[in-house]
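K.L.:
One structure coming up, written as structure tokens, with questions to follow.
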Amino acid sequence: MISFDLSVEQRQLRELAEQVAREVYDPKAAQWDADRTVLPAEEVRRLPEEHGGSGGSLIDALIVIEELAKTCRPAAFQVFEANVGPARVIEFFGTGEQQKSILPRVVSGELTMAIGISEPDAGSAATDMRTRARLDGDEYVITGTKRWISNGGHADLYLLYCRLTDEPGSRGIGALIVPAGAPGLTFGERERLMGWRGIPSADLVFDEVRVPASNLVVAAGGFSKLFGVFSIERLGNATMSLAIGQAALDRTVRYVQERHQFGRPLVEFQNVHMTLADMRMQVEAARLLIYRAAAGAGQGLPVPLDVSLAKCFANEMAKRVSDAAIQLHGGNGYTEEYGIERLHRDAHGWAIAGGTPAIQRIRIASEMFGRRFDQRPTTVPA
Ligand SMILES: Cc1cc2nc3c(=O)[nH]c(=O)nc-3n(C[C@H](O)[C@H](O)[C@H](O)COP(=O)(O)OP(=O)(O)OC[C@H]3O[C@@H](n4cnc5c(N)ncnc54)[C@H](O)[C@@H]3O)c2cc1C
């Protein structure tokens, strides 16, 4: 049987998260964005503790992320990192010791984790990464630079994707845990991003950083395992986009009833109906794609094709729907006061982070044809 309804408990979870977003974060979110304020430490601790780790399903986590993200993406990001972020790699592949020492503290908000995959010359082509960890006795020695790392310089631990052997492409890549205080690890200047202004982003620079060999999470050759779990993070990313689309729609529905032109509320104009109906269709379609992918996963891993369909559609939906919302708000939509431009700025960020829509489309085509389409030139241009 297919059910499209949330359970009673899930509806209660949604109401609780909606109440917290309204009472705690709505009054502060715009100011935090304007000042580029990083979420205060007490909020960073409180959010995962109160909204995660209760052994719920993936959908439960996404419900909470959506409600918080409609109002305040930086707050939602803390629940995102603890529930669908790098800690999940430790849950699936970490040693018993890593799981015991890290997971309860991530869930209680005591520890934060960020993920380091991208590099200056390896973005969409992640397997071009050059950051290298060589084994020296019972330690790994790491050298290289990671770029665009969300919470870079603020997280306590980094899940670092890096080269562990000299094998080319994905075959040499695995993952290590690196504590923020490891000697030789420094952070670049905080990036000045178009959106995501309460979520800091910086380079991680590794200069002969030593970590114990016991910090290995996934050995070389485990790149596809890592990306299997990254599917969970991609669904969290898609949910941030869903939240942006839904919030843009909700605000526009309110606005067109309040704003009058030509002696009538905007909602009386047929062109407004067409736009609102298109916005609604896109938001609902994104929600169904995300829920299908998450429902299929339960507490395990989602199907990568379902995730790519959901992420690609939701990312582009959020950009389109928030754009339409600006237009229907007229001049007010273009001001910071109404918060619609903030939704639109953030929407662009989610559509770049976690693999762009183009990369999701490549994945979708691969699944359709049952084969990999190599993106690299067969002969290297002179
Ligand atoms: C807000 C934000 C947060 C991020 N957080 C993190 C993080 O926490 N950790 C982390 O490791 N990384 C993070 N990233 C990095 C992100 O994963 C990369 O930016 C992304 O994968 C794209 O890489 P790139 O920026 O190098 O763009 P490029 O790979 O240079 O791509 C540029 C353009 O070319 C297109 N393109 C590239 N290859 C192809 C192809 N084969 N076919 C068609 N089109 C193609 C892309 O779709 C894109 O439109 C973040 C990025 C942003 C913006």
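Ordered as shown in the structure tokens, chains take letters A, B, and onward, while each chain numbers its residues from 1 and ligands are numbered from 1 in the order shown.
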When the cut-off is 6 Å and you count only C-alpha atoms and all ligand atoms, which residues lie near ligand 1, shown as an mmCIF file with C-alpha atoms, in the first residue's frame?
P.N.:
```cif
data_model
loop_
_atom_site.group_PDB
_atom_site.id
_atom_site.type_symbol
_atom_site.label_atom_id
_atom_site.label_comp_id
_atom_site.auth_asym_id
_atom_site.auth_seq_id
_atom_site.Cartn_x
_atom_site.Cartn_y
_atom_site.Cartn_z
ATOM 1 C CA ILE A 115 32.675 17.479 5.551
ATOM 2 C CA GLY A 116 35.697 18.221 3.360
ATOM 3 C CA ILE A 117 35.438 16.944 -0.211
ATOM 4 C CA SER A 118 35.832 19.897 -2.628
ATOM 5 C CA ALA A 122 38.242 19.455 -7.853
ATOM 6 C CA GLY A 123 34.588 20.490 -7.537
ATOM 7 C CA SER A 124 32.157 18.560 -9.742
ATOM 8 C CA TRP A 148 34.014 25.803 0.335
ATOM 9 C CA ILE A 149 33.846 23.865 3.583
ATOM 10 C CA SER A 150 30.630 24.770 5.383
ATOM 11 C CA GLY A 349 23.650 27.985 -2.616
ATOM 12 C CA ILE A 352 25.605 24.310 -5.954
ATOM 13 C CA ALA A 353 26.412 22.478 -2.706
ATOM 14 C CA GLY A 354 26.271 18.691 -2.672
ATOM 15 C CA GLY A 355 26.633 18.238 -6.445
ATOM 16 C CA THR A 356 25.083 20.616 -8.989
ATOM 17 C CA ALA A 358 24.083 19.101 -13.999
ATOM 18 C CA ILE A 359 25.904 16.433 -11.999
ATOM 19 C CA GLN A 375 32.968 13.116 -18.536
#
```
K.L.:
Find the residues around Ala182 in chain A up to 9 Å (only C-alpha atoms counted), leave out those fewer than 5 positions away in its own chain, and share them as an mmCIF file with C-alpha atoms, in the first residue's frame.
P.N.:
```
data_model
loop_
_atom_site.group_PDB
_atom_site.id
_atom_site.type_symbol
_atom_site.label_atom_id
_atom_site.label_comp_id
_atom_site.auth_asym_id
_atom_site.auth_seq_id
_atom_site.Cartn_x
_atom_site.Cartn_y
_atom_site.Cartn_z
ATOM 1 C CA VAL A 209 48.858 17.313 9.678
ATOM 2 C CA ARG A 210 49.244 14.128 11.733
ATOM 3 C CA VAL A 211 46.306 12.047 12.926
#
```
K.L.:
Considering only C-alpha atoms, return as a ChimeraX atom specification whatever protein or nucleic-acid residues lie within 9 Å of range 226-238 of chain A, sequence-local ones (same chain, fewer than 3 positions apart) excluded.
P.N.:
/A:58,61-62,65-66,80-81,83-86,88-89,92-93,161,174-175,218,222-223,241-243,286,290,293-294,297,301-304,307-308,310-315,350-351,353-355
K.L.:
Might you pull out every residue within 7 Å of Arg345 in chain A, with only C-alpha atoms counted and same-chain residues fewer than 3 positions away left off, and present them as a PyMOL selection string?
P.N.:
chain A and resi 194-195+341-342+348
K.L.:
With only C-alpha atoms as the basis for distance, which of A:Val141, A:Val253, A:Val321, A:Ala30 is at the shortest distance from Leu266 in chain A?
P.N.:
A:Val253
K.L.:
With distances taken over only C-alpha atoms, which residue among A:Arg287, A:Arg14, A:Lys319, A:His154 lies nearest Val44 in chain A?
P.N.:
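The closest residue to Val44 in chain A is A:His154.
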K.L.:
Point out the residue among A:Val178, A:Ala76, A:Met368, A:Leu276 with the least atom-to-atom distance to Asp306 in chain A, counting only C-alpha atoms.
P.N.:
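Among the listed residues, the smallest separation from Asp306 in chain A belongs to A:Met368.
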K.L.:
Quick one: residues within 12 Å of Lys28 in chain A, only C-alpha atoms, excluding same-chain residues fewer than 4 positions away - as a list in words?
P.N.:
Ala21, Arg22, Glu23, Val24, Trp32, Asp33, Ala34, Asp35, Arg36, Thr37, Val38, Leu39, Pro40, Thr71, Cys72, Arg73, Pro74, Ala75, Gly198 and Gly339 of chain A
K.L.:
Please produce a file of the residues just selected, as a compact mmCIF listing (two decimals), in the first residue's frame, where the atoms kept are N, CA and C atoms.
P.N.:
```txt
# COMPACT_ATOMS: atom_id res chain seq x y z
N ALA A 21 10.60 27.20 15.34
CA ALA A 21 11.07 28.10 14.28
C ALA A 21 10.39 29.46 14.43
N ARG A 22 9.09 29.44 14.70
CA ARG A 22 8.33 30.70 14.78
C ARG A 22 8.74 31.51 16.01
N GLU A 23 8.83 30.83 17.14
CA GLU A 23 9.07 31.57 18.39
C GLU A 23 10.53 31.94 18.59
N VAL A 24 11.44 31.02 18.25
CA VAL A 24 12.84 31.24 18.58
C VAL A 24 13.61 31.88 17.42
N TRP A 32 20.52 37.97 11.79
CA TRP A 32 21.69 37.09 11.69
C TRP A 32 22.22 37.09 10.26
N ASP A 33 21.30 37.09 9.29
CA ASP A 33 21.72 37.08 7.88
C ASP A 33 22.40 38.41 7.54
N ALA A 34 21.78 39.51 7.96
CA ALA A 34 22.34 40.84 7.63
C ALA A 34 23.73 41.01 8.24
N ASP A 35 23.91 40.50 9.46
CA ASP A 35 25.21 40.66 10.15
C ASP A 35 26.18 39.51 9.86
N ARG A 36 25.75 38.54 9.09
CA ARG A 36 26.53 37.31 8.85
C ARG A 36 26.92 36.66 10.18
N THR A 37 25.98 36.67 11.12
CA THR A 37 26.24 36.09 12.45
C THR A 37 26.25 34.57 12.36
N VAL A 38 27.29 33.97 12.91
CA VAL A 38 27.32 32.51 13.02
C VAL A 38 26.43 32.14 14.20
N LEU A 39 25.66 31.09 14.04
CA LEU A 39 24.71 30.70 15.09
C LEU A 39 25.40 30.63 16.45
N PRO A 40 24.82 31.28 17.48
CA PRO A 40 25.45 31.25 18.81
C PRO A 40 25.66 29.82 19.32
N THR A 71 12.24 29.13 8.00
CA THR A 71 12.47 30.38 8.71
C THR A 71 13.94 30.75 8.76
N CYS A 72 14.80 29.75 9.09
CA CYS A 72 16.20 30.07 9.40
C CYS A 72 17.09 28.90 8.97
N ARG A 73 17.70 29.03 7.80
CA ARG A 73 18.56 27.94 7.30
C ARG A 73 19.76 27.66 8.21
N PRO A 74 20.39 28.69 8.81
CA PRO A 74 21.51 28.37 9.71
C PRO A 74 21.09 27.48 10.89
N ALA A 75 19.89 27.69 11.42
CA ALA A 75 19.42 26.82 12.51
C ALA A 75 19.18 25.41 11.98
N GLY A 198 24.60 32.96 7.55
CA GLY A 198 24.82 32.54 8.93
C GLY A 198 25.58 31.21 9.00
N GLY A 339 12.21 39.54 3.28
CA GLY A 339 12.86 38.23 3.44
C GLY A 339 12.78 37.31 2.24
```
K.L.:
Could you tell me how far CA of Asn332 in chain A lies from CA of Pro200 in chain A, in Å and to one decimal?
P.N.:
27.9 Å
K.L.:
So which residues touch Gly109 in chain A within 8 Å, counting only C-alpha atoms, skipping near sequence neighbours fewer than 4 positions away, as a ChimeraX atom specification?
P.N.:
/A:44-49,82,105
K.L.:
Residues of range 81-329 of chain A in helix (DSSP H, G or I) according to DSSP, as JSON, numbers by chain?
P.N.:
{"A": [81, 82, 83, 87, 88, 89, 90, 91, 92, 93, 96, 97, 98, 99, 100, 101, 102, 103, 104, 105, 106, 107, 126, 127, 128, 169, 170, 171, 172, 213, 214, 215, 223, 224, 225, 226, 227, 228, 229, 230, 231, 232, 233, 234, 235, 236, 237, 238, 239, 240, 241, 242, 243, 244, 245, 246, 247, 248, 249, 250, 251, 252, 253, 254, 255, 256, 257, 258, 266, 267, 268, 270, 271, 272, 273, 274, 275, 276, 277, 278, 279, 280, 281, 282, 283, 284, 285, 286, 287, 288, 289, 290, 291, 292, 293, 294, 295, 296, 297, 304, 305, 306, 307, 308, 309, 310, 311, 312, 313, 314, 315, 316, 317, 318, 319, 320, 321, 322, 323, 324, 325, 326, 327, 328]}
K.L.:
Tell me, in Å to one decimal, how far CA of Leu135 in chain A is from CA of Ser201 in chain A.
P.N.:
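Between CA of Leu135 in chain A and CA of Ser201 in chain A the gap works out to 28.9 Å.
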K.L.:
Check the DSSP output for the backbone and give back, as JSON, numbers by chain, the residues of range 83-290 of chain A in strand (DSSP E or B).
P.N.:
{"A": [113, 114, 115, 116, 119, 122, 132, 133, 134, 135, 136, 139, 140, 141, 142, 143, 144, 145, 146, 147, 148, 149, 150, 157, 158, 159, 160, 161, 162, 163, 173, 174, 175, 176, 177, 178, 179, 185, 186, 187, 201, 202, 203, 204, 205, 206, 207, 208, 209, 210, 211, 212, 216, 217, 218, 260, 261, 264, 265]}
K.L.:
With distances taken over only C-alpha atoms, which of A:Thr127, A:Ala247, A:Asn151, A:Asp166 is nearest to Glu67 in chain A?
P.N.:
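Among the listed residues, the smallest separation from Glu67 in chain A belongs to A:Ala247.
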K.L.:
Can you work out the spacing between CA of Pro120 in chain A and CA of Arg147 in chain A in Å, to one decimal?
P.N.:
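CA of Pro120 in chain A sits 5.8 Å away from CA of Arg147 in chain A.
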K.L.:
Out of A:Tyr291, A:Leu328, A:Asp374, A:Ile90, which residue has the shortest atom-to-atom distance to Ile2 in chain A when counting only C-alpha atoms?
P.N.:
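Once distances to Ile2 in chain A are computed over only C-alpha atoms, the minimum belongs to A:Tyr291.
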